[in-house]
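Asker: The file below is protein_26.cif, mmCIF, C-alpha atoms and all ligand atoms:
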data_start
loop_
_atom_site.label_atom_id
_atom_site.label_comp_id
_atom_site.auth_asym_id
_atom_site.auth_seq_id
_atom_site.Cartn_x
_atom_site.Cartn_y
_atom_site.Cartn_z
CA MET A 1 213.46 -107.91 27.25
CA GLY A 2 213.17 -104.11 27.24
CA PHE A 3 211.66 -104.22 23.77
CA LEU A 4 208.37 -105.51 25.26
CA THR A 5 207.63 -102.02 26.51
CA HIS A 6 208.46 -100.30 23.20
CA ASN A 7 206.06 -99.56 20.37
CA ASP A 8 208.50 -99.18 17.47
CA LEU A 9 208.29 -101.54 14.51
CA LEU A 10 211.34 -103.65 15.42
CA SER A 11 210.13 -104.16 18.99
CA ARG A 12 206.70 -105.22 17.72
CA PHE A 13 208.29 -107.80 15.42
CA MET A 14 210.52 -109.06 18.25
CA CYS A 15 207.46 -109.63 20.42
CA THR A 16 205.72 -111.77 17.81
CA VAL A 17 208.59 -113.77 16.25
CA ASN A 18 210.59 -116.51 17.98
CA ASP A 19 212.74 -117.49 15.03
CA GLU A 20 215.85 -115.26 14.90
CA THR A 21 216.68 -116.12 11.29
CA TYR A 22 213.19 -115.13 10.20
CA LEU A 23 213.43 -111.95 12.26
CA ARG A 24 216.77 -111.11 10.59
CA ASP A 25 215.28 -111.67 7.12
CA VAL A 26 212.28 -109.44 7.83
CA VAL A 27 214.54 -106.64 9.10
CA ILE A 28 216.79 -106.93 6.03
CA SER A 29 213.72 -106.79 3.76
CA PHE A 30 212.52 -103.61 5.43
CA LEU A 31 215.91 -101.95 5.30
CA LEU A 32 217.28 -103.10 1.93
CA ALA A 33 214.12 -103.57 -0.13
CA GLY A 34 211.90 -101.04 1.59
CA ARG A 35 213.85 -97.94 2.58
CA ASP A 36 215.77 -96.61 -0.42
CA THR A 37 212.99 -97.57 -2.84
CA VAL A 38 210.38 -95.50 -1.00
CA ALA A 39 212.84 -92.61 -0.56
CA SER A 40 213.54 -92.70 -4.30
CA GLY A 41 209.83 -92.76 -5.15
CA LEU A 42 209.20 -89.76 -2.91
CA THR A 43 212.13 -87.77 -4.33
CA SER A 44 210.96 -88.05 -7.93
CA LEU A 45 207.36 -87.40 -6.90
CA PHE A 46 208.33 -84.12 -5.21
CA TRP A 47 210.46 -83.16 -8.22
CA LEU A 48 207.56 -83.74 -10.60
CA LEU A 49 205.07 -81.95 -8.35
CA ALA A 50 207.35 -78.92 -8.12
CA LYS A 51 207.27 -78.78 -11.93
CA HIS A 52 203.50 -79.43 -12.12
CA PRO A 53 201.83 -77.22 -9.49
CA ASN A 54 198.40 -78.01 -10.98
CA VAL A 55 198.83 -81.68 -9.99
CA GLU A 56 199.94 -80.68 -6.51
CA SER A 57 196.88 -78.42 -6.07
CA GLU A 58 194.59 -81.21 -7.27
CA ILE A 59 196.06 -83.60 -4.67
CA ARG A 60 195.35 -81.06 -1.93
CA ARG A 61 191.86 -80.30 -3.30
CA GLU A 62 190.99 -84.00 -3.32
CA ALA A 63 192.27 -84.40 0.26
CA ASP A 64 190.20 -81.43 1.47
CA ARG A 65 187.11 -82.89 -0.22
CA VAL A 66 187.56 -86.45 1.11
CA LEU A 67 189.06 -85.75 4.55
CA GLY A 68 187.69 -82.27 5.22
CA LYS A 69 189.70 -79.03 5.29
CA ASN A 70 192.55 -79.12 7.84
CA GLN A 71 191.47 -82.63 8.90
CA GLU A 72 194.03 -85.40 9.28
CA LEU A 73 193.81 -88.75 7.51
CA THR A 74 192.33 -91.13 10.08
CA SER A 75 191.69 -94.45 8.34
CA PHE A 76 192.76 -96.82 5.62
CA GLY A 77 189.26 -96.45 4.12
CA GLU A 78 189.82 -92.72 3.64
CA MET A 79 193.17 -93.38 1.96
CA LYS A 80 191.44 -95.67 -0.54
CA GLU A 81 189.16 -92.77 -1.53
CA LEU A 82 192.15 -90.65 -2.63
CA HIS A 83 192.13 -91.79 -6.26
CA TYR A 84 193.95 -88.79 -7.69
CA LEU A 85 196.79 -89.12 -5.15
CA GLN A 86 197.16 -92.79 -6.06
CA ALA A 87 197.19 -91.88 -9.77
CA ALA A 88 199.90 -89.24 -9.21
CA VAL A 89 202.08 -91.73 -7.32
CA TYR A 90 201.68 -94.40 -10.03
CA GLU A 91 202.34 -91.88 -12.78
CA SER A 92 205.46 -90.56 -11.06
CA MET A 93 206.90 -94.09 -10.76
CA ARG A 94 206.00 -94.85 -14.40
CA LEU A 95 208.47 -92.15 -15.43
CA TYR A 96 210.90 -92.61 -12.53
CA PRO A 97 210.69 -96.17 -11.19
CA PRO A 98 212.78 -96.60 -8.01
CA ILE A 99 214.24 -99.81 -9.48
CA GLN A 100 215.04 -98.80 -13.04
CA PHE A 101 216.10 -102.24 -14.26
CA ASP A 102 216.83 -105.64 -12.81
CA SER A 103 218.34 -108.87 -14.13
CA LYS A 104 217.61 -112.57 -13.82
CA PHE A 105 219.82 -115.51 -14.89
CA CYS A 106 218.48 -118.66 -16.57
CA VAL A 107 218.88 -121.68 -14.32
CA ASP A 108 218.39 -123.99 -17.35
CA ASP A 109 218.00 -123.64 -21.11
CA ASP A 110 214.62 -122.02 -21.72
CA ILE A 111 212.33 -120.61 -24.40
CA LEU A 112 210.58 -117.25 -23.85
CA PRO A 113 206.91 -116.82 -24.89
CA ASP A 114 208.06 -114.99 -28.07
CA GLY A 115 210.15 -118.02 -29.09
CA SER A 116 213.59 -116.65 -28.10
CA LEU A 117 215.90 -119.50 -27.09
CA LEU A 118 217.95 -118.81 -23.96
CA ARG A 119 220.93 -120.85 -22.87
CA ARG A 120 221.51 -121.72 -19.21
CA GLY A 121 223.27 -118.81 -17.46
CA THR A 122 221.94 -116.15 -19.90
CA ARG A 123 221.22 -112.84 -18.24
CA VAL A 124 217.76 -111.40 -18.94
CA THR A 125 217.05 -107.82 -17.91
CA TYR A 126 213.66 -106.16 -17.58
CA HIS A 127 213.69 -102.37 -17.68
CA PRO A 128 210.75 -100.48 -16.11
CA TYR A 129 212.44 -97.10 -16.77
CA ALA A 130 212.62 -97.75 -20.52
CA MET A 131 209.18 -99.38 -20.63
CA GLY A 132 207.60 -96.28 -19.05
CA ARG A 133 208.86 -94.24 -22.02
CA ILE A 134 207.84 -96.50 -24.90
CA GLU A 135 205.20 -94.93 -27.16
CA GLU A 136 203.76 -98.31 -28.25
CA ILE A 137 203.02 -99.05 -24.58
CA TRP A 138 201.86 -95.68 -23.20
CA GLY A 139 200.92 -93.69 -26.30
CA PRO A 140 202.31 -90.52 -27.93
CA ASP A 141 202.17 -88.57 -24.64
CA CYS A 142 204.32 -91.21 -22.86
CA LEU A 143 206.92 -88.62 -21.76
CA GLU A 144 204.33 -86.36 -20.10
CA PHE A 145 203.45 -86.49 -16.41
CA LYS A 146 199.67 -87.02 -16.53
CA PRO A 147 198.05 -88.67 -13.49
CA GLU A 148 194.74 -88.54 -15.40
CA ARG A 149 195.86 -91.46 -17.58
CA TRP A 150 195.26 -93.68 -14.53
CA LEU A 151 191.70 -92.45 -13.90
CA LYS A 152 188.44 -93.70 -15.36
CA ASP A 153 185.73 -91.26 -16.47
CA ASP A 154 184.15 -91.37 -13.00
CA GLY A 155 187.50 -90.35 -11.42
CA ASP A 156 188.25 -93.78 -9.93
CA PHE A 157 191.78 -95.15 -10.15
CA SER A 158 192.18 -97.86 -12.79
CA PRO A 159 195.19 -100.16 -12.38
CA GLU A 160 197.23 -101.41 -15.35
CA ASN A 161 198.46 -104.91 -16.08
CA PRO A 162 201.62 -105.32 -13.92
CA PHE A 163 203.47 -106.78 -16.93
CA LYS A 164 202.92 -103.44 -18.67
CA TYR A 165 203.95 -101.53 -15.50
CA PRO A 166 206.58 -103.75 -13.83
CA VAL A 167 207.61 -101.09 -11.29
CA PHE A 168 206.97 -103.66 -8.55
CA GLN A 169 207.82 -106.65 -10.82
CA ALA A 170 205.00 -108.98 -11.77
CA GLY A 171 204.03 -112.61 -11.36
CA PHE A 172 205.49 -114.87 -8.67
CA ARG A 173 208.30 -112.52 -7.68
CA VAL A 174 206.19 -109.37 -7.36
CA CYS A 175 207.36 -106.99 -4.62
CA LEU A 176 206.16 -108.28 -1.26
CA GLY A 177 206.05 -104.76 0.13
CA LYS A 178 204.01 -103.19 -2.69
CA GLU A 179 200.95 -102.28 -0.61
CA ILE A 180 202.92 -100.95 2.36
CA ALA A 181 205.15 -99.02 -0.05
CA LEU A 182 202.15 -97.31 -1.66
CA LEU A 183 200.74 -96.54 1.77
CA GLU A 184 204.05 -95.00 2.89
CA LEU A 185 204.45 -92.96 -0.30
CA LYS A 186 200.92 -91.58 -0.15
CA SER A 187 200.89 -90.86 3.60
CA VAL A 188 204.22 -89.02 3.56
CA ALA A 189 203.44 -87.07 0.37
CA LEU A 190 200.00 -86.08 1.61
CA SER A 191 201.05 -84.94 5.07
CA LEU A 192 203.96 -82.88 3.71
CA LEU A 193 202.02 -81.31 0.81
CA ARG A 194 199.13 -80.26 3.00
CA ARG A 195 201.35 -78.65 5.60
CA PHE A 196 204.26 -77.27 3.59
CA GLN A 197 205.03 -75.50 0.34
CA ILE A 198 207.93 -77.31 -1.29
CA GLN A 199 209.93 -75.52 -3.98
CA LEU A 200 213.04 -76.62 -5.84
CA ALA A 201 216.08 -74.78 -4.51
CA THR A 202 218.03 -75.14 -7.75
CA ARG A 203 217.11 -74.58 -11.40
CA PRO A 204 215.52 -77.83 -12.59
CA HIS A 205 217.31 -79.95 -15.18
CA PRO A 206 215.02 -81.16 -17.95
CA THR A 207 215.50 -84.72 -16.64
CA LEU A 208 216.71 -86.14 -13.35
CA ARG A 209 220.35 -87.29 -13.04
CA PHE A 210 220.91 -90.52 -11.13
CA SER A 211 223.90 -92.12 -9.42
CA PRO A 212 224.72 -95.68 -10.48
CA GLY A 213 223.17 -98.34 -8.23
CA LEU A 214 220.28 -100.79 -7.94
CA THR A 215 217.93 -98.15 -6.52
CA ALA A 216 217.54 -94.85 -8.38
CA THR A 217 219.25 -92.21 -6.24
CA LEU A 218 219.63 -88.61 -7.38
CA SER A 219 223.21 -87.50 -7.64
CA GLY A 220 223.46 -84.48 -5.37
CA GLY A 221 220.02 -85.15 -3.85
CA LEU A 222 217.07 -82.84 -4.40
CA PRO A 223 217.66 -79.50 -2.65
CA VAL A 224 214.31 -77.88 -1.80
CA LEU A 225 212.99 -74.88 0.11
CA ILE A 226 210.24 -75.67 2.58
CA ARG A 227 207.80 -73.11 3.97
CA GLU A 228 204.94 -73.83 6.34
CA ARG A 229 201.55 -73.12 4.75
CA GLU A 230 199.15 -70.76 6.40
CA VAL A 231 196.21 -72.73 7.80
CA ALA A 232 193.18 -71.97 5.62
CA PRO A 233 189.96 -71.12 7.44
CA ALA A 234 187.80 -74.26 7.81
C1 LIG B 301 208.21 -97.76 -4.07
C2 LIG B 301 208.76 -98.72 -3.35
C3 LIG B 301 209.14 -100.08 -3.86
C4 LIG B 301 209.40 -100.49 -5.15
C5 LIG B 301 209.35 -99.69 -6.43
C6 LIG B 301 209.75 -101.90 -5.07
C7 LIG B 301 210.08 -102.68 -6.17
C8 LIG B 301 210.41 -104.01 -6.09
C9 LIG B 301 210.80 -104.82 -7.22
C10 LIG B 301 210.92 -104.33 -8.67
C11 LIG B 301 211.06 -106.06 -6.75
C12 LIG B 301 211.49 -107.27 -7.57
C13 LIG B 301 212.99 -107.37 -7.65
C14 LIG B 301 213.34 -108.53 -8.53
O1 LIG B 301 213.23 -108.40 -9.76
O2 LIG B 301 213.67 -109.58 -8.00
C15 LIG B 301 210.83 -106.05 -5.33
C16 LIG B 301 211.00 -107.14 -4.50
C17 LIG B 301 210.80 -107.12 -3.14
N1 LIG B 301 210.38 -106.05 -2.38
FE1 LIG B 301 209.93 -104.23 -3.07
N2 LIG B 301 209.70 -102.30 -3.76
C18 LIG B 301 209.32 -101.23 -2.98
C19 LIG B 301 209.13 -101.20 -1.61
C20 LIG B 301 209.23 -102.30 -0.78
C21 LIG B 301 208.95 -102.29 0.64
C22 LIG B 301 208.49 -101.07 1.43
C23 LIG B 301 209.21 -103.55 1.09
C24 LIG B 301 209.09 -104.12 2.49
C25 LIG B 301 208.62 -103.49 3.51
C26 LIG B 301 209.62 -104.35 -0.04
C27 LIG B 301 209.96 -105.68 0.01
C28 LIG B 301 210.32 -106.45 -1.07
C29 LIG B 301 210.73 -107.85 -0.97
C30 LIG B 301 210.81 -108.68 0.31
C31 LIG B 301 211.03 -108.27 -2.27
C32 LIG B 301 211.51 -109.65 -2.73
C33 LIG B 301 210.33 -110.48 -3.22
C34 LIG B 301 210.79 -111.81 -3.80
O3 LIG B 301 211.91 -111.90 -4.30
O4 LIG B 301 210.00 -112.74 -3.78
N3 LIG B 301 209.62 -103.56 -1.17
N4 LIG B 301 210.44 -104.79 -4.96
#
Could the structure of this file be written out as structure tokens, please?
Ligand code: HEM

Answerer:
Amino acid sequence: MGFLTHNDLLSRFMCTVNDETYLRDVVISFLLAGRDTVASGLTSLFWLLAKHPNVESEIRREADRVLGKNQELTSFGEMKELHYLQAAVYESMRLYPPIQFDSKFCVDDDILPDGSLLRRGTRVTYHPYAMGRIEEIWGPDCLEFKPERWLKDDGDFSPENPFKYPVFQAGFRVCLGKEIALLELKSVALSLLRRFQIQLATRPHPTLRFSPGLTATLSGGLPVLIREREVAPA
């Protein structure tokens, strides 16, 4: 029962759950659904920020304004005030969704809302990567990285219909980890960007190159150079 004295996530789950099958399923969710997806989201975010230093500076400016210069993030409430950071994360995953496409199979004959008849066993694929690049959905600037498209005039984040942005799926089978995923992405990005300068170590390709797989993984990874920032006077 050594886990009772530990504070890591697994030990905390083990203290609160008696059902081993449930415990196994939660652990598999965290590892399979929650690890590579967040890593993928962070990789493309850092790639885009390296190519758009103005967006990176705006993220740091917003953090200094909301949290105070050289002050750490201390609460969930503060995180909710970081509208530009949230917009940058959403915009990055619009262009580079961690799950680029996913398929479902019809259990029975069915008719889609547009009238298409589907036979039992038909495979239907939804494709967030393609949808993020369709002009009819996102407008003529759909290929540009513009966090501002997610902000209202007063600077507040404005969410989109999840069926237009199915990066986390939509409807009944929406990602169960969506909120924790956003929290992880924003916390990691913010703490690294405020403390370090991150530059690409290789000449950037015009687009990212992925390895085949369910989760978008960069072939060859994303080599970067990291330098500690000098602490600015408060
Ligand atoms: C940026 C990160 C993430 C993205 C983009 C993402 C995306 C998705 C998508 C698209 C699905 C639906 C798959 C399908 O079509 O069936 C899904 C399902 C799921 N995700 Fe995530 N996910 C992320 C992070 C996480 C995290 C951190 C967790 C858990 C800690 C998690 C747990 C789950 C679970 C349990 C499901 C299955 C839900 C169900 O089938 O009812 N995800 N996710």

Asker: Taking (214.4, -74.4, -4.3) in the file's coordinates as the center, which residues reach within 6 Å of it, counting only C-alpha atoms, put as a PyMOL selection string?

Answerer: chain A and resi 199-202+224-225

Asker: Between A:Thr5, A:Thr21, A:Ser40, A:Ser29, which is the closest to Ala216 in chain A once you count all atoms listed in the file?

Answerer: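 So, comparing all the options, the nearest one is A:Ser40.
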
Asker: Tell me which of A:Leu190, A:Cys175, A:Leu112, A:Cys106 sits closest to ligand LIG 301 (chain B), counting all atoms listed in the file.

Answerer: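 Ranking A:Leu190, A:Cys175, A:Leu112, A:Cys106 by distance to ligand LIG 301 (chain B), first place goes to A:Cys175.
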
Asker: Which one is closest to Met79 in chain A: A:Leu9, A:Leu67, A:Val124, A:Met14? Count all atoms listed in the file.

Answerer: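 Closest to Met79 in chain A, using all atoms listed in the file: A:Leu67.
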
Asker: Please identify all protein, DNA and RNA residues within 6 Å of ligand LIG 301 (chain B), counting all atoms listed in the file, and report them as a PyMOL selection string.

Answerer: chain A and resi 29-30+33-34+37-38+41+98-99+102+167-169+173-178+180-181

Asker: List the neighbours of Arg194 in chain A out to 9 Å using all atoms listed in the file; skip same-chain residues closer than 6 positions along the sequence, and give me the result as a ChimeraX atom specification.

Answerer: /A:59-60,63,70,229

Asker: Measure the distance from CA of Trp150 in chain A to CA of Ala87 in chain A in Å and round it to one decimal.

Answerer: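 Computed distance, CA of Trp150 in chain A to CA of Ala87 in chain A, equals 5.4 Å.
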
Asker: Need the shell around Ala189 in chain A: protein/DNA/RNA residues with any atom at most 9 Å away, counting only C-alpha atoms. Skip same-chain ones fewer than 4 positions apart. Format as JSON, numbers by chain?

Answerer: {"A": [42, 45, 46, 85, 184, 185, 193, 194]}

Asker: For the atom pair CA of Leu192 in chain A and CA of Leu49 in chain A, what is the interatomic distance in Å to one decimal place?

Answerer: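 Atom-to-atom, CA of Leu192 in chain A and CA of Leu49 in chain A are spaced 12.1 Å apart.
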
Asker: Grab all the atoms of range 123-138 of chain A that the file lists, wrap them in a box along x, y and z, add 8 Å per side, and give me centre plus edge lengths in Å (one decimal) as JSON.

Answerer:
{"center_x": 211.5, "center_y": -103.5, "center_z": -22.2, "size_x": 35.4, "size_y": 34.6, "size_z": 28.1}

Asker: Pick the closest to Gly132 in chain A from A:Glu20, A:Glu72, A:Glu91, A:Glu148: which is it, counting only C-alpha atoms?

Answerer: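 Using only C-alpha atoms, Gly132 in chain A sits closest to A:Glu91.
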
Asker: With distances taken over all atoms listed in the file, which residue among A:Asp114, A:Asp36, A:Glu81, A:Glu160 lies nearest Thr217 in chain A?

Answerer: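 For Thr217 in chain A, the nearest of the given residues is A:Asp36.
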